[in-house]
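> Contents of my_file_32.cif (mmCIF, C-alpha atoms):
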data_coords
loop_
_atom_site.label_atom_id
_atom_site.label_comp_id
_atom_site.auth_asym_id
_atom_site.auth_seq_id
_atom_site.Cartn_x
_atom_site.Cartn_y
_atom_site.Cartn_z
CA MET A 1 160.02 45.02 97.06
CA ALA A 2 157.13 43.70 99.14
CA LYS A 3 153.64 44.44 97.94
CA PRO A 4 151.48 46.49 100.33
CA ILE A 5 148.87 44.77 102.45
CA LYS A 6 145.44 45.19 100.95
CA PRO A 7 142.98 46.99 103.22
CA LEU A 8 140.13 44.98 104.69
CA ALA A 9 136.85 45.26 102.86
CA ARG A 10 134.28 47.04 104.97
CA PRO A 11 131.50 44.78 106.19
CA PRO A 12 128.00 45.93 105.20
CA LEU A 13 126.21 48.23 107.60
CA LEU A 14 124.13 46.31 110.13
CA HIS A 15 120.78 47.62 108.94
CA VAL A 16 121.72 46.59 105.37
CA SER A 17 122.33 43.02 106.57
CA VAL A 18 118.99 43.14 108.37
CA GLN A 19 117.29 44.25 105.14
CA GLU A 20 118.68 41.22 103.34
CA SER A 21 117.51 38.95 106.14
CA LEU A 22 114.00 40.40 105.95
CA ARG A 23 113.93 40.00 102.16
CA SER A 24 114.99 36.37 102.55
CA TYR A 25 112.32 35.83 105.22
CA ILE A 26 109.64 37.16 102.85
CA GLU A 27 110.88 35.02 99.95
CA ASP A 28 111.47 31.83 101.98
CA ASN A 29 107.99 32.00 103.48
CA LYS A 30 106.40 33.04 100.17
CA LEU A 31 104.66 35.98 101.85
CA SER A 32 102.29 37.76 99.51
CA ALA A 33 100.95 41.33 99.59
CA GLY A 34 99.11 42.02 102.85
CA ALA A 35 100.96 39.39 104.89
CA ALA A 36 102.10 40.60 108.31
CA LEU A 37 105.69 40.45 109.53
CA PRO A 38 106.43 39.45 113.12
CA PRO A 39 106.75 42.33 115.63
CA GLU A 40 109.97 44.34 115.69
CA THR A 41 110.91 42.92 119.10
CA PHE A 42 110.62 39.35 117.84
CA LEU A 43 112.63 40.15 114.70
CA ALA A 44 115.35 41.84 116.75
CA GLN A 45 115.60 38.78 119.05
CA GLN A 46 115.71 36.35 116.15
CA LEU A 47 118.40 38.35 114.35
CA GLY A 48 120.39 39.18 117.46
CA VAL A 49 120.34 42.91 116.79
CA GLY A 50 118.82 45.99 118.36
CA ARG A 51 115.32 47.23 117.52
CA ASN A 52 116.79 50.38 115.97
CA SER A 53 118.57 48.29 113.33
CA VAL A 54 115.33 46.48 112.53
CA ARG A 55 113.46 49.79 112.38
CA GLU A 56 116.03 51.28 109.97
CA ALA A 57 115.85 48.21 107.76
CA ILE A 58 112.05 48.36 107.66
CA LYS A 59 112.14 52.05 106.71
CA ALA A 60 114.59 51.29 103.90
CA LEU A 61 112.35 48.50 102.57
CA GLU A 62 109.35 50.84 102.80
CA SER A 63 111.20 53.38 100.62
CA VAL A 64 111.51 50.85 97.79
CA GLY A 65 107.93 49.64 98.11
CA ILE A 66 108.52 46.21 99.69
CA LEU A 67 106.99 46.87 103.11
CA GLU A 68 104.44 49.23 104.58
CA THR A 69 103.86 50.20 108.22
CA ARG A 70 100.28 50.58 109.40
CA ARG A 71 100.36 52.75 112.47
CA GLY A 72 99.22 50.89 115.57
CA ILE A 73 98.79 47.63 113.65
CA GLY A 74 102.16 46.40 112.35
CA VAL A 75 104.38 45.93 109.31
CA PHE A 76 103.04 44.26 106.17
CA VAL A 77 104.30 43.12 102.80
CA LYS A 78 103.26 45.72 100.26
CA GLU A 79 101.73 44.98 96.89
CA PHE A 80 104.40 45.35 94.21
CA SER A 81 104.47 48.70 92.47
CA PHE A 82 106.71 50.33 89.89
CA ALA A 83 106.20 53.72 91.55
CA PRO A 84 109.48 53.76 93.55
CA LEU A 85 111.40 52.73 90.44
CA LEU A 86 109.69 55.45 88.44
CA ASP A 87 110.51 58.12 91.02
CA ASN A 88 114.16 57.09 91.27
CA LEU A 89 114.55 56.71 87.50
CA ALA A 90 113.14 60.15 86.77
CA TYR A 91 115.22 61.73 89.55
CA GLY A 92 118.41 60.07 88.33
CA LEU A 93 117.89 61.11 84.73
CA GLN A 94 116.70 64.67 85.14
CA ALA A 95 120.18 66.20 85.05
CA SER A 96 121.22 64.96 81.63
CA LEU A 97 119.47 65.01 78.28
CA ARG A 98 122.06 62.53 77.01
CA ASP A 99 120.64 59.92 79.40
CA VAL A 100 117.13 60.92 78.36
CA GLU A 101 117.98 59.98 74.79
CA GLU A 102 118.98 56.51 75.99
CA LEU A 103 115.68 56.19 77.84
CA GLN A 104 113.81 57.32 74.75
CA GLU A 105 115.60 54.65 72.71
CA ILE A 106 114.38 51.97 75.14
CA ARG A 107 110.83 53.26 74.65
CA ARG A 108 111.21 53.13 70.87
CA VAL A 109 112.55 49.56 70.85
CA LEU A 110 109.85 48.37 73.26
CA GLU A 111 106.96 49.84 71.30
CA THR A 112 108.16 49.09 67.77
CA GLY A 113 109.01 45.55 68.83
CA LEU A 114 105.51 44.84 70.16
CA ILE A 115 103.31 46.76 67.71
CA ASP A 116 102.76 43.60 65.64
CA ARG A 117 100.87 41.97 68.54
CA THR A 118 98.72 45.07 68.89
CA ILE A 119 97.80 44.83 65.21
CA GLU A 120 96.85 41.18 65.71
CA MET A 121 94.71 41.85 68.78
CA ILE A 122 93.31 45.39 68.68
CA GLY A 123 89.58 45.83 68.22
CA GLU A 124 87.57 48.52 66.48
CA GLU A 125 86.54 50.06 69.80
CA ASP A 126 90.16 50.78 70.75
CA ILE A 127 90.90 52.12 67.28
CA ALA A 128 87.93 54.48 67.56
CA GLU A 129 89.17 55.66 70.97
CA LEU A 130 92.67 56.23 69.55
CA ARG A 131 91.19 58.36 66.78
CA LYS A 132 89.28 60.44 69.34
CA LEU A 133 92.52 60.97 71.25
CA THR A 134 94.43 62.09 68.19
CA ASP A 135 91.60 64.43 67.26
CA ARG A 136 91.92 66.08 70.68
CA MET A 137 95.68 66.33 70.09
CA ARG A 138 95.05 68.10 66.78
CA GLN A 139 92.69 70.59 68.38
CA ARG A 140 95.18 71.37 71.14
CA ALA A 141 98.06 71.65 68.66
CA GLU A 142 96.07 74.12 66.57
CA ARG A 143 95.56 76.22 69.70
CA GLY A 144 99.24 75.97 70.62
CA GLU A 145 98.46 73.95 73.76
CA SER A 146 100.34 71.01 75.25
CA PHE A 147 98.70 67.60 74.89
CA ALA A 148 100.91 65.59 77.24
CA GLU A 149 97.97 63.86 78.94
CA GLU A 150 96.57 62.68 75.62
CA ASP A 151 100.04 61.58 74.54
CA GLN A 152 100.43 59.33 77.59
CA GLN A 153 96.92 57.92 77.14
CA PHE A 154 97.71 57.23 73.48
CA HIS A 155 100.71 55.02 74.20
CA GLN A 156 98.83 53.16 76.95
CA LEU A 157 95.78 52.61 74.76
CA LEU A 158 97.87 51.50 71.80
CA PHE A 159 98.98 48.41 73.75
CA ARG A 160 95.99 47.94 76.08
CA CYS A 161 94.55 45.18 73.91
CA GLN A 162 97.49 42.91 74.79
CA ASN A 163 96.22 42.64 78.40
CA ASN A 164 99.82 42.59 79.63
CA LYS A 165 100.04 44.40 82.97
CA MET A 166 103.84 44.31 83.01
CA LEU A 167 104.00 45.83 79.54
CA SER A 168 101.52 48.56 80.48
CA ALA A 169 103.52 49.39 83.60
CA LEU A 170 106.80 49.53 81.66
CA ILE A 171 105.33 51.77 78.96
CA ASN A 172 103.97 54.07 81.63
CA ILE A 173 107.29 54.16 83.48
CA PHE A 174 109.33 54.93 80.37
CA TRP A 175 106.87 57.58 79.20
CA SER A 176 106.55 59.29 82.59
CA ALA A 177 110.24 59.10 83.45
CA PHE A 178 111.15 60.49 80.03
CA TYR A 179 108.58 63.26 80.36
CA LYS A 180 109.81 64.26 83.81
CA ALA A 181 113.51 63.85 83.13
CA SER A 182 113.49 65.75 79.84
CA ASP A 183 111.11 68.43 81.16
CA LEU A 184 109.31 67.82 77.87
CA ALA A 185 106.46 70.14 78.84
CA ASN A 186 108.89 73.07 78.68
CA LEU A 187 110.84 72.08 75.58
CA THR A 188 110.16 74.21 72.54
CA ASN A 189 108.35 72.21 69.86
CA PRO A 190 108.50 74.18 66.60
CA ASN A 191 105.82 72.05 64.97
CA PRO A 192 103.21 70.57 67.36
CA LEU A 193 101.00 69.70 64.39
CA ALA A 194 103.75 67.41 63.14
CA THR A 195 103.70 65.65 66.51
CA TRP A 196 99.92 65.25 66.21
CA ARG A 197 100.33 63.94 62.67
CA ASP A 198 102.81 61.29 63.87
CA HIS A 199 100.20 59.90 66.26
CA HIS A 200 97.45 60.13 63.65
CA GLU A 201 99.47 58.15 61.10
CA ILE A 202 100.38 55.50 63.66
CA VAL A 203 96.68 54.93 64.31
CA GLU A 204 95.84 54.72 60.63
CA ALA A 205 98.64 52.23 60.02
CA VAL A 206 97.34 50.10 62.90
CA ALA A 207 93.77 50.37 61.57
CA ALA A 208 95.03 49.20 58.18
CA ARG A 209 96.70 46.19 59.90
CA ASN A 210 100.00 47.15 58.28
CA VAL A 211 102.79 46.07 60.64
CA GLU A 212 105.72 47.48 58.68
CA LEU A 213 104.02 50.84 58.17
CA ALA A 214 103.02 51.08 61.83
CA ARG A 215 106.58 50.25 62.89
CA ARG A 216 107.96 52.86 60.51
CA ARG A 217 105.50 55.51 61.74
CA LEU A 218 106.48 54.80 65.35
CA GLY A 219 110.14 55.12 64.41
CA GLU A 220 109.49 58.44 62.69
CA HIS A 221 107.60 59.64 65.76
CA TYR A 222 110.61 58.94 67.97
CA SER A 223 112.90 60.62 65.44
CA GLY A 224 110.74 63.72 65.84
CA ILE A 225 111.12 63.61 69.63
CA ARG A 226 114.88 63.24 69.18
CA ARG A 227 114.95 66.38 67.02
CA VAL A 228 113.04 68.37 69.65
CA ILE A 229 115.53 67.26 72.33
CA ALA A 230 118.52 68.10 70.11
CA MET A 231 117.13 71.53 69.34
CA ASN A 232 116.72 72.32 73.05
CA ARG A 233 120.09 70.95 74.16
CA PRO A 234 122.75 73.56 75.02
CA GLU A 235 125.71 73.56 72.65
CA GLU A 236 128.71 71.45 73.61
CA GLY A 237 131.05 73.34 75.90
CA LEU A 238 128.28 75.59 77.24
CA ASP A 239 126.36 73.03 79.26
CA PRO A 240 127.65 73.12 82.85
CA ILE A 241 126.40 69.58 83.41
CA ARG A 242 128.78 68.25 80.76
CA GLN A 243 131.85 70.31 81.66
#
Could you quickly redo this structure as structure tokens?

Amino acid sequence: MAKPIKPLARPPLLHVSVQESLRSYIEDNKLSAGAALPPETFLAQQLGVGRNSVREAIKALESVGILETRRGIGVFVKEFSFAPLLDNLAYGLQASLRDVEELQEIRRVLETGLIDRTIEMIGEEDIAELRKLTDRMRQRAERGESFAEEDQQFHQLLFRCQNNKMLSALINIFWSAFYKASDLANLTNPNPLATWRDHHEIVEAVAARNVELARRRLGEHYSGIRRVIAMNRPEEGLDPIRQ
């Protein structure tokens, strides 16, 4: 019996092909942030397509933070930002706490893996600032208030001494995406003082220059977050997302 003819693969949409051409143009010419692209009319002529296809491609590249249009001036290469990735990551994860746990595990591995460099590099000024932050956390916990802002500042400050912009951006992305996707602000935390204590003990381990203890305290902190998530997750079979 003869095998059926395989259907033809669909060619990519025209504006998608134009996007790739524009990306290649930026890369081949080593255009940096602020560099102007040629006018739409010129691009359309060079690519042999209509202006609408070029316009759609530019809009798509704007949505992912590669280009920006300045009204009345032109189209420019945009300075790289993690913001579009953050927005898409948080949006994609918000429907499932199971995915949030995977994101949280990435955070844990990233921070526990790099805490040794913090201990090598951190100065007394940063340690003093971390202690002030944890003291504010304690005060808020005692009043039953959320301390999400201090929490985010804590994780940024803990690694600030490494002067690694990529690391800082990644920590911020994973923290913010996890916070948004898990709706952590509205999860019931039965023991906010325990969460404060986790941060306090991390700081003291770092101040003591004890890598293993700091790594263990970070791990325990993430175990506490995992327990809060588990406690707030609907039971299996009752969660409509998982059915």
> Could you tell me, as a list of chain:residue names, exactly which residues end up selected when the PyMOL selection byres ((chain A and resi 200) around 10) is applied to this structure?
A:Leu130, A:Arg131, A:Lys132, A:Leu133, A:Thr134, A:Asp135, A:Met137, A:Arg138, A:Ala194, A:Thr195, A:Trp196, A:Arg197, A:Asp198, A:His199, A:Glu201, A:Ile202, A:Val203, A:Glu204, A:Ala205, A:Arg217
> Excluding same-chain residues fewer than 3 positions from A:Phe80, what lies within 9 Å of it counting only C-alpha atoms, as a PyMOL selection string?
chain A and resi 33+65-66+77+83
> Would you export the selected residues with C-alpha atoms as a PDB file, in the coordinates of the input, please?

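Result saved to again21.pdb:
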ATOM      1  CA  ALA A  33     100.950  41.330  99.590  1.00  0.00           C
ATOM      2  CA  GLY A  65     107.930  49.640  98.110  1.00  0.00           C
ATOM      3  CA  ILE A  66     108.520  46.210  99.690  1.00  0.00           C
ATOM      4  CA  VAL A  77     104.300  43.120 102.800  1.00  0.00           C
ATOM      5  CA  ALA A  83     106.200  53.720  91.550  1.00  0.00           C
TER       6      ALA A  83
END
> Taking the file as I've supplied it (selection: the PyMOL selection byres ((chain A and resi 119-122) around 10)), which residues are included? Please answer as a ChimeraX atom specification.
/A:114-118,123-127,157-163,205-211,214
> Give as a list of chain:residue names the residues that the PyMOL selection byres ((chain A and resi 223) around 12) matches when applied to the coordinates above.
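Taken over the shown coordinates, the PyMOL selection byres ((chain A and resi 223) around 12) returns A:Glu101, A:Gln104, A:Glu105, A:Arg107, A:Arg108, A:Ala194, A:Thr195, A:Asp198, A:Arg216, A:Arg217, A:Leu218, A:Gly219, A:Glu220, A:His221, A:Tyr222, A:Gly224, A:Ile225, A:Arg226, A:Arg227, A:Val228, A:Ile229, A:Ala230.
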> Would you output that residue set with C-alpha atoms, as an mmCIF file, keeping the file's coordinate frame?

data_model
loop_
_atom_site.group_PDB
_atom_site.id
_atom_site.type_symbol
_atom_site.label_atom_id
_atom_site.label_comp_id
_atom_site.auth_asym_id
_atom_site.auth_seq_id
_atom_site.Cartn_x
_atom_site.Cartn_y
_atom_site.Cartn_z
ATOM 1 C CA GLU A 101 117.980 59.980 74.790
ATOM 2 C CA GLN A 104 113.810 57.320 74.750
ATOM 3 C CA GLU A 105 115.600 54.650 72.710
ATOM 4 C CA ARG A 107 110.830 53.260 74.650
ATOM 5 C CA ARG A 108 111.210 53.130 70.870
ATOM 6 C CA ALA A 194 103.750 67.410 63.140
ATOM 7 C CA THR A 195 103.700 65.650 66.510
ATOM 8 C CA ASP A 198 102.810 61.290 63.870
ATOM 9 C CA ARG A 216 107.960 52.860 60.510
ATOM 10 C CA ARG A 217 105.500 55.510 61.740
ATOM 11 C CA LEU A 218 106.480 54.800 65.350
ATOM 12 C CA GLY A 219 110.140 55.120 64.410
ATOM 13 C CA GLU A 220 109.490 58.440 62.690
ATOM 14 C CA HIS A 221 107.600 59.640 65.760
ATOM 15 C CA TYR A 222 110.610 58.940 67.970
ATOM 16 C CA GLY A 224 110.740 63.720 65.840
ATOM 17 C CA ILE A 225 111.120 63.610 69.630
ATOM 18 C CA ARG A 226 114.880 63.240 69.180
ATOM 19 C CA ARG A 227 114.950 66.380 67.020
ATOM 20 C CA VAL A 228 113.040 68.370 69.650
ATOM 21 C CA ILE A 229 115.530 67.260 72.330
ATOM 22 C CA ALA A 230 118.520 68.100 70.110
#
> Let me have the centre and edge lengths of the axis-aligned box enclosing all listed atoms of stretch 13-24 of chain A with 4 Å padding on every side, in Å to one decimal, as lines of an AutoDock Vina configuration file.

center_x = 120.1
center_y = 42.3
center_z = 106.1
size_x = 20.3
size_y = 19.9
size_z = 16.0
> Quick check, in Å to one decimal: how far apart do atom CA of A:Arg51 and atom CA of A:Thr69 lie?
15.1 Å
> For each of A:Tyr25, A:Trp175, A:Phe147, A:Phe154, take the minimum atom-to-atom distance to A:Val100, counting all atoms listed in the file, then give the residue where this is smallest.
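The shortest atom-to-atom distance to A:Val100 comes from A:Trp175.
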